[in-house]
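Trainee: I have a structure here, written as structure tokens, and I will follow up with some questions on it.
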Amino acid sequence: MPRSRSKSNLYYQGGAWAARMILSLTLLLSGVTKAIDPKGTVYKLQDYLIYFDVPSLLSQDMLTAIAVMLCSVEFLLGIYLFFGIRRRFTSYLTLIFIGLMTLVTLFILIWHPVSDCGCFGDAIHLTNGQTFVKNLVLLGCAIVYRYTYATTHKLIGVSLHWLVSMYSILFILFVSLYNNYYLPLADFRPYKVGVNIPKAMLIPEGAAEPEYETTFWLEKNGRRQRFTIDNYPDSTWTYISTEKKLVKEGYVPPITDFSVCDTLGNDLTDSLLADTGYTMMLISPTFDQANRVPVDEINALNDYCLDHKYRFYALTASSMSSVDKWIYYTGAEYPIYFCDATVLKTMVRSNPGLILLHGGTILGKWSGHDLPTLSDGQSVKSIIQDGDNNLRILLKIILYYLIPLLFITFANKFWMNHKHHLNHKTMRQKIVAGNWKMNMNLQDGINLAKEINETLKADKPNCGVVICTPFIHLASVAPLLDKSLVKLGAENCADKAKGAYTGEVSAEMVKSTGADYVILGHSERRQYYHETPEILKEKVQLALQNGLKIIFCIGETLEEREANKQNEVVKAELDGSVYGLSAEEWKNIVLAYEPIWAIGTGKTATADQAEEMLAYIRSTVAEKYGKAVAEETTILYGGSCKPSNAKELFAKPDIDGGLIGGASLKAADFKGIIDAWK
Ligand code: PGA
């Protein structure tokens, strides 16, 4: 690829990644901040309904369901984008979602139904203009991702998509429902535990106050016009509305709107906040919608306060008739004062909720679902809460999500690998083959073959069994074996088809005895009889042409292993003799890895060493014939394999059995190895 093209390709991919990550992280942030405070979203939705003059179009429960759904969709889209799950589907959905949200923010920008769209709950406040610009950027990213999603990588395998989706849905539902039932885990509002309300209302000396310009819309003869206080027109104009615009930034204290009055309208704010003792405030924006379940607990807290000379009062924005109803139904004996509904909803996200104050400082906040209980002798100090850092709480939530996710991912990967190996291992043929070498005269050989046959008849093997005998035994042993239990093989065959080759035995002759297998490439033949890869290639061809299956041996010497050349050596042996075979021919090949230093020496390769080599050999088969063929190829280990170590060796995922020399000469030992598959 030309340099400039690869560079532009890099930019293209980088752009796609950036778009995906910007979208993902923004959606995750807005999903999580909303899930932390679902009631905040409900209140925001209510503001929209009030703007459209349909305040009770949707019930509180329906609004809660919408809030939970909204944060779940955002969170899941963020997760899908981040991990690259269902990229095409996600790219469409993201574009539709962000497109809709952009329209909403355009509407908010033009008509100002709310002063802050509530995208990030109370964690980050954006003006309507900022929100719209943010959404335009996101819309750009969504369009980019829509057309580039295929170039971005998946961070997790397809097999995990379902698991991560399910886990993420459950996680976000749990977080949002928990925060809805109790209070938000992180409190981004000005009435956080630890805040001193009077102090939070102060403007520091010398701080510049913000300046606003107020303009008025008036109408005359169907013509609307904007006026300021300086050119306010005469009474022939009809007043329509007022607009307040910030013209100069200044210091705005965190709390500006906390104000309490009694039924007669007397302002009690200062006197209440001046109280230096403990105060409990029961907060209920609307008594009509308040949860009445904890009424007894509330009254008990009031009694406790009376006993200890602490103040207890309720703050509400309810109508007088609702207040009367509340008193009637709950037997409330505490004073009830009035405060702005939005302020009360901001103070505590529960109806009713409870706030403990001391000298104007907030010491604790409770949802109506878990009000504190205080027995007579118990000090109020025992219920004081610590105001935790919001950032720390957010990080904790992220960790609570990530740690189990990582655990699930790893466990799944581990399980899939295990299953993968198990599956393929069960699919592949397992074989235990004996190689008698130049042992046993004919009579002993016949006896051994009979004994093996009888033993396996009495106790059926769980794997394929082959005995490879010297040529002279073949014809006599063949009729003695039950072929469904034990197959017969030769230890060698000639590299010529037939003719004047004194002393040689051809593949055709081997087959004619009733044998089905032949061992080729054994290290003893390579070493003592100088069989080269070329000679072996001929033998392989002839064996296959005569319908024999081949147990093809490969393996390195001690020197080669010490020089760390084992991979190279076995690969060359395979390349030289069998890797030219067609896939069809390959079906008749069984490989046997036999490290020469372990043959007949009593020195076995450790199970891990053997597994490492067999896995490597399988990977070279995969390169040649593809993964599926490699997974079906039977590969044996040979070299001092005995009943005592067979089980450990055969337990390895890539070891499909053994080629047994010394231990195949005694029926009991051979059976012991065969039984390692049981
Ligand atoms: P061994 O021989 O089991 O006696 O080590 C294995 C073989 O050469 O096939």
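Convention: chains lettered A, B, ... in structure tokens order; per-chain residue numbering from 1; ligands numbered from 1 as shown.
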Give the helix (DSSP H, G or I) residues of range 57-242 of chain A, as DSSP finds them on the backbone, and put them as a ChimeraX atom specification.

Mentor: /A:60-83,87-111,128-151,158-181,197-200

Trainee: Go through the chains and note each residue within 7 Å of ligand 1, using only C-alpha atoms and all ligand atoms, then give the set as JSON, numbers by chain.

Mentor: {"A": [435, 594, 598, 599, 600, 601, 602, 638, 639, 640, 641, 659, 660, 661, 662, 663]}

Trainee: Could you tell me how far CA of Asn179 in chain A lies from CA of Phe287 in chain A, in Å and to one decimal?

Mentor: 21.4 Å

Trainee: Using only C-alpha atoms, which residue out of A:Ser72, A:Ser322, A:Thr606, A:Thr620 lies closest to Val32 in chain A?

Mentor: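 Ranking A:Ser72, A:Ser322, A:Thr606, A:Thr620 by distance to Val32 in chain A, first place goes to A:Ser72.
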
Trainee: I need the residues of range 446-529 of chain A that end up classed as strand (DSSP E) by DSSP on the backbone, written out as a PDB file with N, CA, C and O atoms, in the first residue's frame.

Mentor:
ATOM      1  N   GLY A 464      -9.126 -46.146  20.569  1.00  0.00           N
ATOM      2  CA  GLY A 464      -8.666 -47.061  19.532  1.00  0.00           C
ATOM      3  C   GLY A 464      -7.383 -47.738  20.005  1.00  0.00           C
ATOM      4  O   GLY A 464      -6.568 -47.089  20.662  1.00  0.00           O
ATOM      5  N   VAL A 465      -7.235 -49.040  19.705  1.00  0.00           N
ATOM      6  CA  VAL A 465      -6.001 -49.744  20.102  1.00  0.00           C
ATOM      7  C   VAL A 465      -5.376 -50.346  18.837  1.00  0.00           C
ATOM      8  O   VAL A 465      -6.090 -50.907  17.995  1.00  0.00           O
ATOM      9  N   VAL A 466      -4.077 -50.180  18.707  1.00  0.00           N
ATOM     10  CA  VAL A 466      -3.364 -50.745  17.552  1.00  0.00           C
ATOM     11  C   VAL A 466      -2.143 -51.476  18.096  1.00  0.00           C
ATOM     12  O   VAL A 466      -1.487 -50.977  19.014  1.00  0.00           O
ATOM     13  N   ILE A 467      -1.865 -52.665  17.542  1.00  0.00           N
ATOM     14  CA  ILE A 467      -0.552 -53.244  17.866  1.00  0.00           C
ATOM     15  C   ILE A 467       0.248 -53.352  16.567  1.00  0.00           C
ATOM     16  O   ILE A 467      -0.244 -53.847  15.556  1.00  0.00           O
ATOM     17  N   CYS A 468       1.464 -52.785  16.621  1.00  0.00           N
ATOM     18  CA  CYS A 468       2.331 -52.813  15.446  1.00  0.00           C
ATOM     19  C   CYS A 468       3.432 -53.839  15.707  1.00  0.00           C
ATOM     20  O   CYS A 468       4.183 -53.715  16.688  1.00  0.00           O
ATOM     21  N   THR A 469       3.447 -54.870  14.852  1.00  0.00           N
ATOM     22  CA  THR A 469       4.344 -56.000  15.108  1.00  0.00           C
ATOM     23  C   THR A 469       5.374 -56.120  13.980  1.00  0.00           C
ATOM     24  O   THR A 469       5.213 -55.521  12.914  1.00  0.00           O
ATOM     25  N   LYS A 487      -6.598 -53.089  16.344  1.00  0.00           N
ATOM     26  CA  LYS A 487      -6.200 -53.085  14.943  1.00  0.00           C
ATOM     27  C   LYS A 487      -4.743 -53.506  14.861  1.00  0.00           C
ATOM     28  O   LYS A 487      -3.986 -53.419  15.837  1.00  0.00           O
ATOM     29  N   LEU A 488      -4.367 -53.925  13.659  1.00  0.00           N
ATOM     30  CA  LEU A 488      -3.001 -54.411  13.475  1.00  0.00           C
ATOM     31  C   LEU A 488      -2.218 -53.449  12.590  1.00  0.00           C
ATOM     32  O   LEU A 488      -2.774 -52.849  11.656  1.00  0.00           O
ATOM     33  N   GLY A 489      -0.917 -53.313  12.873  1.00  0.00           N
ATOM     34  CA  GLY A 489      -0.087 -52.443  12.046  1.00  0.00           C
ATOM     35  C   GLY A 489       1.308 -53.012  11.912  1.00  0.00           C
ATOM     36  O   GLY A 489       1.738 -53.849  12.713  1.00  0.00           O
ATOM     37  N   ALA A 490       2.019 -52.536  10.846  1.00  0.00           N
ATOM     38  CA  ALA A 490       3.424 -52.931  10.672  1.00  0.00           C
ATOM     39  C   ALA A 490       4.308 -51.826  11.226  1.00  0.00           C
ATOM     40  O   ALA A 490       3.834 -50.710  11.482  1.00  0.00           O
ATOM     41  N   TYR A 517      -2.548 -50.470   9.666  1.00  0.00           N
ATOM     42  CA  TYR A 517      -1.668 -49.343   9.996  1.00  0.00           C
ATOM     43  C   TYR A 517      -0.228 -49.655   9.620  1.00  0.00           C
ATOM     44  O   TYR A 517       0.164 -50.826   9.504  1.00  0.00           O
ATOM     45  N   VAL A 518       0.561 -48.593   9.522  1.00  0.00           N
ATOM     46  CA  VAL A 518       2.006 -48.760   9.417  1.00  0.00           C
ATOM     47  C   VAL A 518       2.679 -47.568  10.116  1.00  0.00           C
ATOM     48  O   VAL A 518       2.204 -46.432   9.999  1.00  0.00           O
ATOM     49  N   ILE A 519       3.708 -47.881  10.881  1.00  0.00           N
ATOM     50  CA  ILE A 519       4.470 -46.790  11.509  1.00  0.00           C
ATOM     51  C   ILE A 519       5.526 -46.347  10.499  1.00  0.00           C
ATOM     52  O   ILE A 519       6.249 -47.182   9.954  1.00  0.00           O
ATOM     53  N   LEU A 520       5.602 -45.052  10.258  1.00  0.00           N
ATOM     54  CA  LEU A 520       6.653 -44.546   9.364  1.00  0.00           C
ATOM     55  C   LEU A 520       7.364 -43.383  10.052  1.00  0.00           C
ATOM     56  O   LEU A 520       6.765 -42.656  10.849  1.00  0.00           O
TER      57      LEU A 520
END

Trainee: Got a sec: who's within 12 Å of Arg525 in chain A, counting only C-alpha atoms, leaving out chain neighbours fewer than 2 positions off, as a PyMOL selection string?

Mentor: chain A and resi 437-438+491-494+519-523+527-533+535-536+552-554+596

Trainee: List as a list in words the protein and nucleic acid residues near Lys549 in chain A, meaning an atom at most 7 Å away when only C-alpha atoms are counted, but skip any in the same chain fewer than 2 places from it.

Mentor: Asp516, Tyr517, Val518, Leu544, Gly547, Ile551, Asn588 and Ile589 of chain A

Trainee: How would the residues just chosen look if you wrote them out with N, CA and C atoms as an mmCIF file, in the first residue's frame?

Mentor:
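The resulting result_17.cif:
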data_model
loop_
_atom_site.group_PDB
_atom_site.id
_atom_site.type_symbol
_atom_site.label_atom_id
_atom_site.label_comp_id
_atom_site.auth_asym_id
_atom_site.auth_seq_id
_atom_site.Cartn_x
_atom_site.Cartn_y
_atom_site.Cartn_z
ATOM 1 N N ASP A 516 -3.912 -52.748 9.094
ATOM 2 C CA ASP A 516 -4.523 -51.474 8.685
ATOM 3 C C ASP A 516 -3.584 -50.286 8.854
ATOM 4 N N TYR A 517 -2.548 -50.470 9.666
ATOM 5 C CA TYR A 517 -1.668 -49.343 9.996
ATOM 6 C C TYR A 517 -0.228 -49.655 9.620
ATOM 7 N N VAL A 518 0.561 -48.593 9.522
ATOM 8 C CA VAL A 518 2.006 -48.760 9.417
ATOM 9 C C VAL A 518 2.679 -47.568 10.116
ATOM 10 N N LEU A 544 -0.337 -45.002 1.577
ATOM 11 C CA LEU A 544 -1.664 -44.443 1.327
ATOM 12 C C LEU A 544 -2.315 -45.105 0.109
ATOM 13 N N GLY A 547 -4.015 -48.211 0.949
ATOM 14 C CA GLY A 547 -5.100 -48.158 1.928
ATOM 15 C C GLY A 547 -4.653 -48.349 3.370
ATOM 16 N N ILE A 551 0.995 -44.057 11.055
ATOM 17 C CA ILE A 551 1.377 -43.389 12.305
ATOM 18 C C ILE A 551 2.738 -42.770 11.996
ATOM 19 N N ASN A 588 -5.827 -39.921 6.701
ATOM 20 C CA ASN A 588 -5.244 -41.218 7.078
ATOM 21 C C ASN A 588 -3.955 -41.090 7.874
ATOM 22 N N ILE A 589 -3.671 -39.861 8.315
ATOM 23 C CA ILE A 589 -2.417 -39.651 9.055
ATOM 24 C C ILE A 589 -2.692 -39.477 10.547
#

Trainee: Which residue out of A:Tyr167, A:Tyr251, A:Tyr337, A:Tyr48 has the minimum interatomic distance to Ser115 in chain A when only C-alpha atoms are used?

Mentor: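 Under the stated criterion, the closest residue is A:Tyr48.
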
Trainee: Identify, on the basis of only C-alpha atoms, every residue whose closest approach to range 577-579 of chain A does not exceed 8 Å; exclude the query and any residue fewer than 3 positions from it along the same chain; express the result as a list of chain:residue names.

Mentor: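 Counting only the stated atoms, we get A:Pro533, A:Glu534, A:Leu536, A:Lys537, A:Val540, A:Glu573, A:Leu574, A:Lys624.
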
Trainee: What's around Leu356 in chain A at 9 Å? Count only C-alpha atoms, leave out sequence neighbours fewer than 6 positions away in its own chain, and write the answer as a list of chain:residue names.

Mentor: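 Counting only the stated atoms, we get A:Tyr278, A:Thr279, A:Met280, A:Met281, A:Leu282, A:Ile362, A:Leu363, A:Gly364, A:Lys365, A:Trp366, A:Ile384.
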
Trainee: For Gln429 in chain A, find every residue with an atom within 10 Å (counting only C-alpha atoms), except residues of its own chain fewer than 4 positions away, and show them as a list in words.

Mentor: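 Counting only C-alpha atoms, the residues come to His424, Lys425, Cys463, Gly464, Val590, Glu632, Thr633, Thr634, Ile635, Asp656 and Gly657 of chain A.
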
Trainee: Taking into account only C-alpha atoms, which residue in the set A:Leu371, A:Met69, A:Ile383, A:Leu28 is nearest to Glu297 in chain A?

Mentor: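 For Glu297 in chain A, the nearest of the candidates is A:Leu371.
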
Trainee: Separation of CA of Trp162 in chain A and CA of Leu394 in chain A, in Å?

Mentor: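 Spanning CA of Trp162 in chain A to CA of Leu394 in chain A is a straight-line distance of 25.7 Å.
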
Trainee: Just how far from CA of Ala150 in chain A is CA of Thr94 in chain A, in Å to one decimal?

Mentor: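 Calculated distance between CA of Thr94 in chain A and CA of Ala150 in chain A is 14.8 Å.
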
Trainee: With distances taken over only C-alpha atoms, which of A:Lys666, A:Lys309, A:Arg428, A:Lys496 is nearest to Ala628 in chain A?

Mentor: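 Smallest distance to Ala628 in chain A is found for A:Arg428.
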